[in-house]
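Here's entry18.cif, which has mmCIF, C-alpha atoms:
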data_start
#
loop_
_atom_site.label_atom_id
_atom_site.label_comp_id
_atom_site.auth_asym_id
_atom_site.auth_seq_id
_atom_site.Cartn_x
_atom_site.Cartn_y
_atom_site.Cartn_z
CA MET A 1 -15.26 -22.86 12.87
CA THR A 2 -12.67 -22.42 15.66
CA ASN A 3 -13.99 -20.56 18.69
CA LYS A 4 -12.89 -16.95 18.87
CA ILE A 5 -11.05 -15.66 21.92
CA GLU A 6 -10.86 -12.20 23.44
CA VAL A 7 -7.69 -10.15 22.93
CA SER A 8 -7.45 -9.58 26.70
CA SER A 9 -7.17 -13.34 27.28
CA LEU A 10 -4.11 -13.80 25.04
CA THR A 11 -0.87 -14.66 26.79
CA LYS A 12 2.28 -12.65 26.12
CA ARG A 13 3.65 -15.58 24.09
CA GLN A 14 0.48 -15.78 21.98
CA THR A 15 0.60 -12.04 21.34
CA ILE A 16 4.27 -12.13 20.27
CA ILE A 17 3.66 -15.11 17.95
CA SER A 18 0.63 -13.35 16.46
CA VAL A 19 2.63 -10.16 15.83
CA LEU A 20 5.42 -12.17 14.15
CA ILE A 21 3.00 -14.02 11.87
CA ILE A 22 1.17 -10.83 10.89
CA GLY A 23 4.58 -9.19 10.36
CA LEU A 24 5.39 -11.95 7.86
CA LEU A 25 2.12 -11.21 6.06
CA PHE A 26 2.99 -7.52 5.82
CA PHE A 27 6.41 -8.47 4.41
CA ILE A 28 4.64 -10.47 1.68
CA PHE A 29 2.22 -7.56 1.04
CA GLY A 30 5.18 -5.24 0.55
CA PHE A 31 7.23 -7.52 -1.66
CA VAL A 32 4.36 -8.28 -4.02
CA SER A 33 2.96 -4.73 -4.07
CA TRP A 34 6.04 -2.58 -4.46
CA VAL A 35 7.57 -4.63 -7.26
CA ASN A 36 4.98 -2.77 -9.38
CA ALA A 37 7.31 0.24 -9.27
CA ILE A 38 9.67 -1.54 -11.64
CA LEU A 39 7.03 -3.60 -13.49
CA ILE A 40 5.53 -0.35 -14.84
CA PRO A 41 8.62 0.78 -16.84
CA TYR A 42 9.52 -2.86 -17.59
CA PHE A 43 6.16 -3.58 -19.24
CA LYS A 44 6.26 -0.22 -21.00
CA ILE A 45 9.41 -1.36 -22.82
CA ALA A 46 8.71 -5.09 -23.23
CA CYS A 47 5.04 -4.73 -24.26
CA GLU A 48 5.71 -1.62 -26.38
CA LEU A 49 3.26 0.63 -24.57
CA THR A 50 2.91 4.09 -26.07
CA SER A 51 1.73 6.23 -23.14
CA ASN A 52 2.11 6.73 -19.39
CA PHE A 53 -1.62 6.03 -19.03
CA GLN A 54 -1.23 2.54 -20.52
CA SER A 55 1.74 1.67 -18.33
CA TYR A 56 -0.01 2.78 -15.13
CA LEU A 57 -2.78 0.28 -15.83
CA VAL A 58 -0.40 -2.01 -13.91
CA ALA A 59 -1.31 -0.18 -10.71
CA PHE A 60 -4.97 0.07 -11.76
CA ALA A 61 -5.38 -3.66 -12.40
CA PHE A 62 -3.57 -4.54 -9.19
CA TYR A 63 -5.42 -2.20 -6.83
CA ILE A 64 -8.91 -2.02 -8.30
CA SER A 65 -9.33 -5.56 -6.95
CA TYR A 66 -9.35 -4.06 -3.44
CA PHE A 67 -12.48 -2.08 -4.31
CA ILE A 68 -14.18 -5.16 -5.73
CA MET A 69 -13.12 -7.69 -3.08
CA SER A 70 -12.90 -5.78 0.22
CA VAL A 71 -16.53 -6.15 1.36
CA PRO A 72 -16.85 -9.75 0.07
CA SER A 73 -13.62 -10.46 1.96
CA SER A 74 -15.20 -9.39 5.25
CA TYR A 75 -18.06 -11.85 4.75
CA LEU A 76 -15.62 -14.58 3.74
CA LEU A 77 -13.58 -14.03 6.91
CA LYS A 78 -16.71 -13.99 9.01
CA LYS A 79 -17.75 -17.35 7.55
CA VAL A 80 -14.45 -19.27 7.52
CA GLY A 81 -12.34 -17.38 10.06
CA PHE A 82 -9.02 -15.56 9.79
CA LYS A 83 -6.70 -18.50 9.10
CA LYS A 84 -8.74 -20.25 6.41
CA GLY A 85 -9.46 -16.87 4.85
CA MET A 86 -5.75 -16.04 4.76
CA MET A 87 -5.02 -19.41 3.13
CA ILE A 88 -7.58 -18.61 0.41
CA GLY A 89 -5.94 -15.21 -0.07
CA PHE A 90 -2.51 -16.79 -0.55
CA MET A 91 -3.93 -19.28 -3.05
CA ALA A 92 -5.46 -16.46 -5.10
CA MET A 93 -2.11 -14.67 -5.10
CA ALA A 94 -0.35 -17.85 -6.22
CA LEU A 95 -2.80 -18.24 -9.11
CA GLY A 96 -2.08 -14.65 -10.16
CA ALA A 97 1.67 -15.31 -10.12
CA PHE A 98 1.24 -18.44 -12.28
CA ILE A 99 -0.82 -16.41 -14.82
CA PHE A 100 2.41 -14.49 -15.56
CA VAL A 101 3.78 -17.61 -17.29
CA PRO A 102 1.33 -17.73 -20.26
CA ALA A 103 1.37 -13.91 -20.32
CA ALA A 104 5.14 -13.95 -20.80
CA TYR A 105 5.11 -16.64 -23.52
CA THR A 106 2.54 -14.68 -25.52
CA ARG A 107 3.86 -11.22 -24.54
CA THR A 108 0.27 -10.16 -23.95
CA TYR A 109 -0.11 -7.12 -21.69
CA GLU A 110 -3.79 -7.83 -20.96
CA ILE A 111 -2.96 -11.29 -19.53
CA PHE A 112 -0.32 -9.70 -17.29
CA LEU A 113 -3.00 -7.30 -16.06
CA LEU A 114 -5.28 -10.28 -15.33
CA GLY A 115 -2.49 -11.85 -13.29
CA LEU A 116 -1.97 -8.63 -11.35
CA PHE A 117 -5.73 -8.34 -10.73
CA THR A 118 -5.80 -11.90 -9.36
CA ILE A 119 -2.83 -11.22 -7.07
CA GLY A 120 -4.69 -8.12 -5.88
CA ILE A 121 -7.77 -10.20 -5.02
CA GLY A 122 -5.66 -12.38 -2.75
CA LEU A 123 -4.04 -9.37 -1.15
CA ALA A 124 -7.44 -7.76 -0.53
CA ILE A 125 -8.48 -10.81 1.50
CA LEU A 126 -5.21 -10.79 3.44
CA GLN A 127 -5.31 -7.04 4.09
CA THR A 128 -8.92 -7.21 5.28
CA ALA A 129 -7.83 -9.81 7.82
CA ALA A 130 -4.47 -8.43 8.91
CA ASN A 131 -5.15 -4.71 9.45
CA PRO A 132 -8.00 -4.93 11.99
CA TYR A 133 -6.20 -7.88 13.61
CA ILE A 134 -3.05 -5.89 14.36
CA THR A 135 -5.08 -2.77 15.26
CA VAL A 136 -6.93 -4.50 18.11
CA LEU A 137 -4.01 -6.71 19.21
CA GLY A 138 -3.17 -4.57 22.23
CA PRO A 139 -3.88 -1.12 23.73
CA LYS A 140 -5.46 1.28 21.23
CA GLU A 141 -3.08 4.12 22.19
CA ARG A 142 -0.22 1.92 20.90
CA ALA A 143 -1.99 0.87 17.70
CA ALA A 144 0.07 3.24 15.55
CA GLN A 145 3.23 1.82 17.11
CA ARG A 146 2.21 -1.75 16.19
CA ILE A 147 1.18 -0.69 12.68
CA SER A 148 4.55 1.07 12.32
CA ILE A 149 6.28 -2.24 13.08
CA MET A 150 4.14 -3.84 10.38
CA GLY A 151 5.07 -0.94 8.11
CA ILE A 152 8.77 -1.73 8.56
CA CYS A 153 8.07 -5.29 7.44
CA ASN A 154 6.05 -3.99 4.48
CA LYS A 155 8.42 -1.30 3.31
CA GLY A 156 11.53 -3.35 4.08
CA ALA A 157 10.20 -5.87 1.57
CA GLY A 158 9.38 -2.96 -0.73
CA ILE A 159 13.00 -1.81 -0.65
CA LEU A 160 14.16 -5.29 -1.57
CA ALA A 161 11.50 -6.04 -4.21
CA PRO A 162 12.60 -3.75 -7.09
CA LEU A 163 16.26 -4.51 -6.38
CA VAL A 164 15.71 -8.29 -6.33
CA PHE A 165 13.51 -8.08 -9.43
CA ALA A 166 16.12 -5.99 -11.22
CA ALA A 167 18.92 -8.38 -10.19
CA VAL A 168 16.97 -11.39 -11.48
CA ILE A 169 15.53 -9.84 -14.64
CA PHE A 170 18.00 -7.24 -15.90
CA ARG A 171 21.47 -7.78 -17.30
CA ALA A 172 24.45 -5.49 -17.60
CA THR A 173 23.95 -5.26 -21.38
CA ASP A 174 20.32 -4.11 -21.11
CA THR A 175 21.25 -0.42 -21.14
CA ASP A 176 22.63 -0.89 -24.66
CA LEU A 177 19.62 -3.05 -25.60
CA PHE A 178 17.14 -0.32 -24.60
CA LYS A 179 19.03 2.19 -26.75
CA GLU A 180 19.18 -0.17 -29.75
CA LEU A 181 15.48 -1.14 -29.80
CA SER A 182 14.46 1.94 -31.75
CA THR A 183 16.93 1.12 -34.55
CA MET A 184 16.08 -2.60 -34.87
CA ASP A 185 13.91 -4.00 -37.63
CA GLU A 186 10.55 -5.46 -36.53
CA ALA A 187 11.66 -9.11 -36.53
CA ALA A 188 14.82 -8.47 -34.49
CA LYS A 189 12.92 -6.26 -32.05
CA ASN A 190 10.27 -8.95 -31.47
CA VAL A 191 12.95 -11.55 -30.74
CA ALA A 192 14.68 -9.20 -28.27
CA LEU A 193 11.45 -8.23 -26.53
CA ASP A 194 10.25 -11.84 -26.33
CA GLU A 195 13.51 -12.77 -24.63
CA LEU A 196 13.21 -9.80 -22.27
CA ILE A 197 9.64 -10.51 -21.15
CA ARG A 198 10.18 -14.26 -20.68
CA ARG A 199 12.69 -13.56 -17.94
CA VAL A 200 9.72 -13.28 -15.54
CA VAL A 201 8.69 -16.94 -16.03
CA VAL A 202 11.07 -18.55 -13.53
CA PRO A 203 10.83 -15.92 -10.74
CA TYR A 204 7.02 -15.77 -10.84
CA SER A 205 6.78 -19.56 -10.92
CA VAL A 206 8.90 -19.61 -7.76
CA VAL A 207 6.79 -16.84 -6.19
CA GLY A 208 3.58 -18.77 -6.91
CA THR A 209 4.96 -21.92 -5.31
CA VAL A 210 6.15 -20.01 -2.23
CA LEU A 211 2.75 -18.34 -1.84
CA LEU A 212 1.02 -21.74 -1.86
CA GLY A 213 3.38 -22.91 0.87
CA LEU A 214 2.78 -19.79 2.95
CA GLY A 215 -0.97 -20.27 2.70
CA LEU A 216 -0.69 -23.76 4.18
CA MET A 217 1.75 -22.53 6.82
CA VAL A 218 -0.62 -19.79 8.04
CA ARG A 219 -3.60 -22.17 7.97
CA TYR A 220 -1.87 -24.55 10.39
CA SER A 221 0.01 -21.92 12.40
CA PRO A 222 -0.74 -21.13 16.07
CA LEU A 223 -2.31 -17.78 15.06
CA PRO A 224 -5.39 -17.48 17.33
CA GLU A 225 -8.88 -16.65 16.03
CA ILE A 226 -9.39 -13.48 18.06
CA ASN A 227 -12.68 -11.66 18.47
CA THR A 228 -12.27 -8.37 16.57
CA GLU A 229 -15.88 -7.37 17.20
CA GLN A 230 -15.82 -7.18 20.99
CA GLU A 231 -17.53 -4.15 22.52
CA SER A 232 -17.06 -2.47 25.88
CA LYS A 233 -20.19 -1.43 27.72
CA GLU A 234 -19.61 2.19 26.68
CA VAL A 235 -19.14 1.28 23.00
CA ALA A 236 -22.15 -1.04 23.04
CA ALA A 237 -24.29 1.73 24.52
CA SER A 238 -23.13 4.33 21.98
CA ASN A 239 -23.70 1.88 19.09
CA SER A 240 -27.07 0.57 20.29
CA GLY A 241 -29.03 2.57 17.70
CA LYS A 242 -26.57 2.00 14.84
CA LYS A 243 -27.92 -0.15 12.01
CA ASN A 244 -25.22 0.13 9.34
CA ILE A 245 -21.65 1.20 8.73
CA PHE A 246 -22.63 4.52 7.12
CA GLN A 247 -23.73 5.82 10.53
CA PHE A 248 -20.06 6.24 11.48
CA PRO A 249 -18.89 9.44 9.74
CA HIS A 250 -15.36 9.19 11.15
CA LEU A 251 -15.03 5.77 9.47
CA ILE A 252 -16.34 6.89 6.06
CA LEU A 253 -14.17 10.01 6.13
CA GLY A 254 -11.26 7.83 7.21
CA ALA A 255 -11.84 5.49 4.24
CA ILE A 256 -11.69 8.53 1.94
CA GLY A 257 -8.46 9.43 3.73
CA ILE A 258 -7.08 5.94 3.03
CA PHE A 259 -8.10 6.30 -0.64
CA LEU A 260 -6.13 9.53 -0.94
CA HIS A 261 -3.20 8.43 1.24
CA VAL A 262 -2.46 5.20 -0.61
CA GLY A 263 -2.78 7.06 -3.89
CA THR A 264 -0.18 9.61 -2.81
CA GLN A 265 2.06 6.81 -1.56
CA VAL A 266 1.96 4.78 -4.76
CA ILE A 267 2.47 7.90 -6.88
CA ALA A 268 5.59 8.77 -4.86
CA ILE A 269 7.01 5.28 -5.36
CA ASP A 270 5.72 4.05 -8.72
CA THR A 271 6.27 7.26 -10.70
CA ILE A 272 9.74 8.15 -9.48
CA ILE A 273 11.52 5.95 -12.05
CA GLY A 274 9.61 7.70 -14.83
CA TYR A 275 10.47 11.08 -13.30
CA ALA A 276 14.14 10.07 -13.21
CA ASN A 277 13.88 8.98 -16.87
CA SER A 278 12.68 12.50 -17.71
CA MET A 279 16.02 13.72 -16.32
CA HIS A 280 17.85 11.40 -18.78
CA ILE A 281 18.57 8.72 -16.17
CA ASP A 282 18.12 5.26 -17.71
CA LEU A 283 16.14 2.41 -16.13
CA VAL A 284 19.20 0.49 -14.91
CA GLU A 285 20.30 3.50 -12.83
CA ALA A 286 16.82 4.74 -11.92
CA LYS A 287 15.72 1.37 -10.46
CA VAL A 288 17.09 2.36 -7.03
CA PHE A 289 14.89 5.46 -6.58
CA PRO A 290 11.81 3.58 -5.29
CA SER A 291 14.09 2.05 -2.65
CA TYR A 292 15.21 5.54 -1.60
CA THR A 293 11.58 6.57 -1.10
CA LEU A 294 10.82 3.41 0.86
CA THR A 295 13.93 3.92 2.99
CA ALA A 296 12.60 7.37 3.92
CA THR A 297 9.33 5.69 4.87
CA MET A 298 11.22 3.18 7.02
CA CYS A 299 12.92 6.05 8.85
CA GLY A 300 9.49 7.47 9.64
CA TYR A 301 8.30 4.11 10.97
CA ILE A 302 11.32 3.84 13.25
CA LEU A 303 10.64 7.34 14.58
CA GLY A 304 7.03 6.30 15.16
CA ILE A 305 8.03 3.22 17.12
CA ILE A 306 10.39 5.25 19.30
CA CYS A 307 8.19 8.32 19.82
CA ILE A 308 4.57 7.03 19.89
CA PRO A 309 3.02 7.37 22.43
CA ARG A 310 5.93 8.25 24.74
CA PHE A 311 6.79 11.63 23.22
CA ILE A 312 3.94 12.30 20.81
CA SER A 313 0.42 11.00 20.35
CA GLN A 314 -0.44 9.14 17.17
CA VAL A 315 -2.95 11.82 16.16
CA ASN A 316 -0.27 14.54 16.40
CA ALA A 317 2.13 12.36 14.38
CA LEU A 318 -0.58 12.14 11.72
CA ARG A 319 -0.97 15.93 11.72
CA ILE A 320 2.77 16.50 11.29
CA CYS A 321 3.04 13.99 8.43
CA THR A 322 0.08 15.41 6.48
CA LEU A 323 1.40 18.95 6.79
CA LEU A 324 4.86 17.78 5.68
CA GLY A 325 3.34 16.09 2.62
CA THR A 326 1.57 19.31 1.67
CA CYS A 327 4.82 21.30 1.89
CA LEU A 328 6.85 18.73 -0.06
CA THR A 329 4.30 18.73 -2.88
CA LEU A 330 4.79 22.47 -3.31
CA LEU A 331 8.57 21.99 -3.30
CA ILE A 332 8.30 19.32 -6.03
CA ALA A 333 6.32 21.78 -8.14
CA PHE A 334 8.49 24.86 -7.63
CA ALA A 335 12.02 23.88 -6.51
CA LYS A 336 14.58 23.70 -9.32
CA GLY A 337 18.32 23.22 -9.65
CA GLN A 338 20.73 20.43 -10.46
CA VAL A 339 22.32 18.51 -7.57
CA MET A 340 24.53 15.46 -7.19
CA LEU A 341 23.49 13.08 -4.42
CA PHE A 342 24.28 9.38 -3.89
CA GLY A 343 26.09 9.41 -7.22
CA HIS A 344 23.05 10.67 -9.19
CA VAL A 345 23.00 13.99 -11.06
CA THR A 346 19.34 15.10 -10.93
CA ASP A 347 17.02 18.03 -10.46
CA VAL A 348 16.58 18.71 -6.74
CA SER A 349 12.82 18.16 -7.00
CA ILE A 350 13.21 14.38 -7.29
CA TRP A 351 14.61 14.29 -3.75
CA PHE A 352 11.44 15.92 -2.47
CA VAL A 353 9.56 13.03 -4.11
CA VAL A 354 11.87 10.71 -2.15
CA LEU A 355 11.06 12.61 1.07
CA LEU A 356 7.36 12.00 0.48
CA GLY A 357 8.22 8.56 1.83
CA LEU A 358 8.87 10.19 5.21
CA ALA A 359 5.69 12.26 5.03
CA ASN A 360 3.61 9.19 4.17
CA SER A 361 5.17 6.94 6.79
CA LEU A 362 2.79 7.44 9.74
CA VAL A 363 -0.38 8.39 7.85
CA TRP A 364 -1.65 4.81 7.46
CA ALA A 365 -0.80 4.06 11.09
CA GLY A 366 -2.59 7.23 12.19
CA LEU A 367 -5.72 6.74 10.10
CA TRP A 368 -6.59 3.18 11.10
CA PRO A 369 -7.04 3.58 14.88
CA LEU A 370 -8.93 6.87 14.41
CA ALA A 371 -11.30 5.40 11.82
CA LEU A 372 -11.94 2.10 13.67
CA ASP A 373 -12.35 3.74 17.08
CA GLY A 374 -15.60 2.72 18.74
CA LEU A 375 -16.92 0.49 15.91
CA GLY A 376 -17.34 -2.56 18.13
CA ARG A 377 -19.33 -5.24 16.29
CA PHE A 378 -18.96 -3.23 13.07
CA THR A 379 -15.14 -3.55 13.15
CA LYS A 380 -14.75 -6.23 10.45
CA LEU A 381 -17.10 -4.49 8.04
CA GLY A 382 -15.49 -1.16 8.88
CA ALA A 383 -12.08 -2.64 8.08
CA SER A 384 -13.39 -3.84 4.71
CA VAL A 385 -14.58 -0.30 3.92
CA MET A 386 -11.10 0.97 4.80
CA ILE A 387 -9.52 -1.69 2.57
CA MET A 388 -11.90 -0.61 -0.21
CA GLY A 389 -10.13 2.74 0.00
CA LEU A 390 -7.01 1.02 -1.31
CA CYS A 391 -8.46 1.41 -4.79
CA GLY A 392 -6.93 4.88 -4.54
CA ASN A 393 -3.78 3.06 -5.63
CA ALA A 394 -5.63 2.25 -8.85
CA ILE A 395 -7.29 5.60 -9.57
CA LEU A 396 -4.79 8.29 -8.56
CA PRO A 397 -1.80 6.96 -10.56
CA LEU A 398 -4.00 7.05 -13.69
CA LEU A 399 -4.94 10.63 -12.86
CA TYR A 400 -1.24 11.42 -12.45
CA ALA A 401 -0.49 9.65 -15.76
CA HIS A 402 -3.16 11.70 -17.56
CA PHE A 403 -1.61 14.99 -16.42
CA ALA A 404 1.89 13.63 -17.14
CA ASP A 405 0.85 12.85 -20.73
CA VAL A 406 -1.00 16.15 -21.26
CA TYR A 407 1.44 18.46 -19.46
CA SER A 408 4.61 16.93 -18.00
CA VAL A 409 5.67 14.26 -15.51
CA ARG A 410 6.49 17.05 -13.07
CA ALA A 411 3.13 18.80 -13.45
CA GLY A 412 1.43 15.47 -12.69
CA TYR A 413 2.53 15.77 -9.05
CA TRP A 414 -0.03 18.54 -8.53
CA VAL A 415 -2.50 15.67 -8.10
CA LEU A 416 -0.98 15.21 -4.63
CA PHE A 417 -1.82 18.68 -3.33
CA PRO A 418 -5.60 18.35 -2.75
CA CYS A 419 -5.01 14.84 -1.36
CA TYR A 420 -2.75 16.14 1.39
CA LEU A 421 -5.11 19.03 2.13
CA TYR A 422 -7.91 16.55 2.80
CA LEU A 423 -5.63 14.45 5.00
CA VAL A 424 -4.77 17.58 7.01
CA PHE A 425 -8.51 18.17 7.48
CA TYR A 426 -9.08 14.61 8.72
CA ALA A 427 -6.09 14.72 11.06
CA PHE A 428 -7.20 17.96 12.72
CA SER A 429 -11.00 17.67 12.76
CA GLY A 430 -12.52 15.06 10.43
CA HIS A 431 -11.84 12.12 12.75
CA LYS A 432 -13.87 13.78 15.53
CA ILE A 433 -17.11 13.82 13.56
CA ARG A 434 -19.59 11.33 15.02
CA ASN A 435 -22.78 12.36 13.15
CA TRP A 436 -23.57 13.76 9.71
CA GLY A 437 -25.30 16.88 11.04
CA PHE A 438 -23.67 20.21 11.80
CA TYR A 439 -20.70 19.25 13.93
CA LYS A 440 -19.81 20.77 17.28
CA PRO A 441 -16.91 19.12 19.11
CA SER A 442 -17.87 17.78 22.53
CA LEU A 443 -15.79 17.10 25.60
CA ASN A 444 -16.15 13.38 24.87
CA ASP A 445 -14.66 13.88 21.39
CA ALA A 446 -11.70 15.73 22.88
CA ALA A 447 -11.16 12.99 25.44
CA ALA A 448 -11.36 10.29 22.78
CA THR A 449 -8.79 12.05 20.59
CA LYS A 450 -6.49 12.50 23.55
CA ASN A 451 -6.64 8.76 24.29
CA ILE A 452 -5.77 7.94 20.69
#
Can you present the structure in this file as structure tokens?
Amino acid sequence: MTNKIEVSSLTKRQTIISVLIIGLLFFIFGFVSWVNAILIPYFKIACELTSNFQSYLVAFAFYISYFIMSVPSSYLLKKVGFKKGMMIGFMAMALGAFIFVPAAYTRTYEIFLLGLFTIGIGLAILQTAANPYITVLGPKERAAQRISIMGICNKGAGILAPLVFAAVIFRATDTDLFKELSTMDEAAKNVALDELIRRVVVPYSVVGTVLLGLGLMVRYSPLPEINTEQESKEVAASNSGKKNIFQFPHLILGAIGIFLHVGTQVIAIDTIIGYANSMHIDLVEAKVFPSYTLTATMCGYILGIICIPRFISQVNALRICTLLGTCLTLLIAFAKGQVMLFGHVTDVSIWFVVLLGLANSLVWAGLWPLALDGLGRFTKLGASVMIMGLCGNAILPLLYAHFADVYSVRAGYWVLFPCYLYLVFYAFSGHKIRNWGFYKPSLNDAAATKNI
């Protein structure tokens, strides 16, 4: 395997090239992940799903792979290195994209879910590599700034994904088609739905081919194999008695934070089309709402790049965002009244769902450096535990869907409230905990938080 080099020995050119390559990876993460926002209502129509719970199995199948593959990914990367591991991740994603072809020709929802699960496996490998890589690629006090740049790549792709998918898949006459399906006889409906679902064959075949090419490109790129497990003398001394990853409470609590954060993020994006549908806005019009939420997230990233750490520390940015998310959740639940904005006539509450994009923007960037702080040789395994938390994208949307089916799509958003309360706890005190006993903050904890 290629010899690993220390981050401090990288030249400015090597660092810039590394950031650009990882930025490309985050763009791919975003494009493939956030297209789920429109796949959910699309499959609900084309595969004749009867409940919100069934349709949100899209998110479950996609993200549960993170829980299954995150720790194995860390061992894979340790064995073969970052670049070969990333190539394997891209190949797994390509296989998942190609599985969409037989799924479309048979209009079988379960095969689509298998394809999504396989794409998720590839993404789990890539995420396990990319997140610790960008976190340590420079001063730790600027980690949130670097992650915010990656977030722009991720969410920029997320803004494009549903719009590109809609442009490729949907036609101007589909609004009439969706209305007519309920009046068609069974034979005519099957013909119409078969034609609708097979529109994914060409785009996903292209996506699979591109992913194979990207895997080869990254494998032979100048991306250096950096040492993500380096330890300073102070870190080595503090970790000398540590035997396993569970002896780092701030990491485990941070992984729980990631679980809840990504769940709140995917709920804000993947459910907003369904919420718009409940206001009698059809799919062709509602397809833009995930892009509104992601645009709000992009605005938060830009603020983070400008303000962190010059005007505000990354821990204080995390505190502000978690408190904002808590307040917006209450506004979604209680604010009512019809408004017209950007040409849409809606209840005002949907725009608070959009603003959750702003509240969520700097949470990921804030959690990672706090949770990985001081892990040293445990960094790769710690990153895999954090990536395992991404299964929150699988679990929380199903919880939302359950409440949406039992009560209402609006009542489902109450799922967000305890999530944000926990994130507030972690932002203010949870990240300072360094042992599982009764916790008393020390001067060293205060100094560490100040530096982050």
* Using atom CA of Ser73 of chain A and atom CA of Ile38 of chain A as the two end points, give the distance in Å to one decimal. => 28.4 Å
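Nearest to Phe170 of chain A of all the residues A:Ile45, A:Ile28, A:Leu57, A:Val284 is A:Val284, based on only C-alpha atoms.
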Where does the PyMOL selection byres ((chain A and resi 154) around 12) land in this file, that is, which residues does it pick, as a PDB file with C-alpha atoms, in the frame of the given file?
ATOM      1  CA  ILE A  22       1.170 -10.830  10.890  1.00  0.00           C
ATOM      2  CA  GLY A  23       4.580  -9.190  10.360  1.00  0.00           C
ATOM      3  CA  LEU A  24       5.390 -11.950   7.860  1.00  0.00           C
ATOM      4  CA  LEU A  25       2.120 -11.210   6.060  1.00  0.00           C
ATOM      5  CA  PHE A  26       2.990  -7.520   5.820  1.00  0.00           C
ATOM      6  CA  PHE A  27       6.410  -8.470   4.410  1.00  0.00           C
ATOM      7  CA  ILE A  28       4.640 -10.470   1.680  1.00  0.00           C
ATOM      8  CA  PHE A  29       2.220  -7.560   1.040  1.00  0.00           C
ATOM      9  CA  GLY A  30       5.180  -5.240   0.550  1.00  0.00           C
ATOM     10  CA  PHE A  31       7.230  -7.520  -1.660  1.00  0.00           C
ATOM     11  CA  VAL A  32       4.360  -8.280  -4.020  1.00  0.00           C
ATOM     12  CA  SER A  33       2.960  -4.730  -4.070  1.00  0.00           C
ATOM     13  CA  TRP A  34       6.040  -2.580  -4.460  1.00  0.00           C
ATOM     14  CA  VAL A  35       7.570  -4.630  -7.260  1.00  0.00           C
ATOM     15  CA  GLN A 127      -5.310  -7.040   4.090  1.00  0.00           C
ATOM     16  CA  ILE A 147       1.180  -0.690  12.680  1.00  0.00           C
ATOM     17  CA  SER A 148       4.550   1.070  12.320  1.00  0.00           C
ATOM     18  CA  ILE A 149       6.280  -2.240  13.080  1.00  0.00           C
ATOM     19  CA  MET A 150       4.140  -3.840  10.380  1.00  0.00           C
ATOM     20  CA  GLY A 151       5.070  -0.940   8.110  1.00  0.00           C
ATOM     21  CA  ILE A 152       8.770  -1.730   8.560  1.00  0.00           C
ATOM     22  CA  CYS A 153       8.070  -5.290   7.440  1.00  0.00           C
ATOM     23  CA  LYS A 155       8.420  -1.300   3.310  1.00  0.00           C
ATOM     24  CA  GLY A 156      11.530  -3.350   4.080  1.00  0.00           C
ATOM     25  CA  ALA A 157      10.200  -5.870   1.570  1.00  0.00           C
ATOM     26  CA  GLY A 158       9.380  -2.960  -0.730  1.00  0.00           C
ATOM     27  CA  ILE A 159      13.000  -1.810  -0.650  1.00  0.00           C
ATOM     28  CA  LEU A 160      14.160  -5.290  -1.570  1.00  0.00           C
ATOM     29  CA  ALA A 161      11.500  -6.040  -4.210  1.00  0.00           C
ATOM     30  CA  LEU A 294      10.820   3.410   0.860  1.00  0.00           C
ATOM     31  CA  THR A 295      13.930   3.920   2.990  1.00  0.00           C
ATOM     32  CA  THR A 297       9.330   5.690   4.870  1.00  0.00           C
ATOM     33  CA  MET A 298      11.220   3.180   7.020  1.00  0.00           C
ATOM     34  CA  TYR A 301       8.300   4.110  10.970  1.00  0.00           C
ATOM     35  CA  SER A 361       5.170   6.940   6.790  1.00  0.00           C
TER      36      SER A 361
END
* Asked: Of the candidates A:Thr106, A:Thr326, A:Ser221, A:Ser55, which one gets nearest to Trp414 of chain A if we count all atoms listed in the file?
  -> A:Thr326
* Using only C-alpha atoms, can you list as a list in words the residues within 7 Å of (-0.2, 0.9, -3.7)? -> Ser33, Tyr63, Val262, Gly263, Gln265, Val266 and Asn393 of chain A
* Pick out the residues sitting within 10 Å of Ile245 of chain A, and hand them over as a list of chain:residue names; count only C-alpha atoms, and ignore anything fewer than 4 positions along from it in its own chain. =>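 With the cut-off at 10 Å, the set is A:Pro249, A:Leu251, A:Ile252, A:Leu375, A:Phe378, A:Thr379, A:Leu381, A:Gly382, A:Val385.
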* Can you turn the PyMOL selection byres ((chain A and resi 111-119) around 9) into a concrete residue list for this file, as a PyMOL selection string? => chain A and resi 32+57-65+89-90+92-104+106-110+120-124
* Do you have the atom CA of Met87 of chain A-atom CA of Arg199 of chain A distance handy? ->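 Between these atoms lies a distance of 28.1 Å.
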* Atomic separation - atom CA of His261 of chain A relative to atom CA of Ala365 of chain A, Å ->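 Atom CA of His261 of chain A lies at a distance of 11.0 Å from atom CA of Ala365 of chain A.
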* Which one is closest to Gly215 of chain A: A:Leu370, A:Ile88, A:Ile350, A:Ile17? Count all atoms listed in the file. ->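 Checking each candidate against Gly215 of chain A, we get A:Ile88 as the closest.
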* To do: Can you pull out every residue within 7 Å of segment 311-320 of chain A, counting all atoms listed in the file, but drop anything in the same chain fewer than 2 positions away, and send it as a PyMOL selection string?
  => chain A and resi 144+307-309+322-324+362-363+366+424+427-428+452
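You can rank A:Leu423, A:Ala130, A:Leu355, A:Ala187 by their closest distance to Ile258 of chain A using only C-alpha atoms, and at the top of that list sits A:Leu423.
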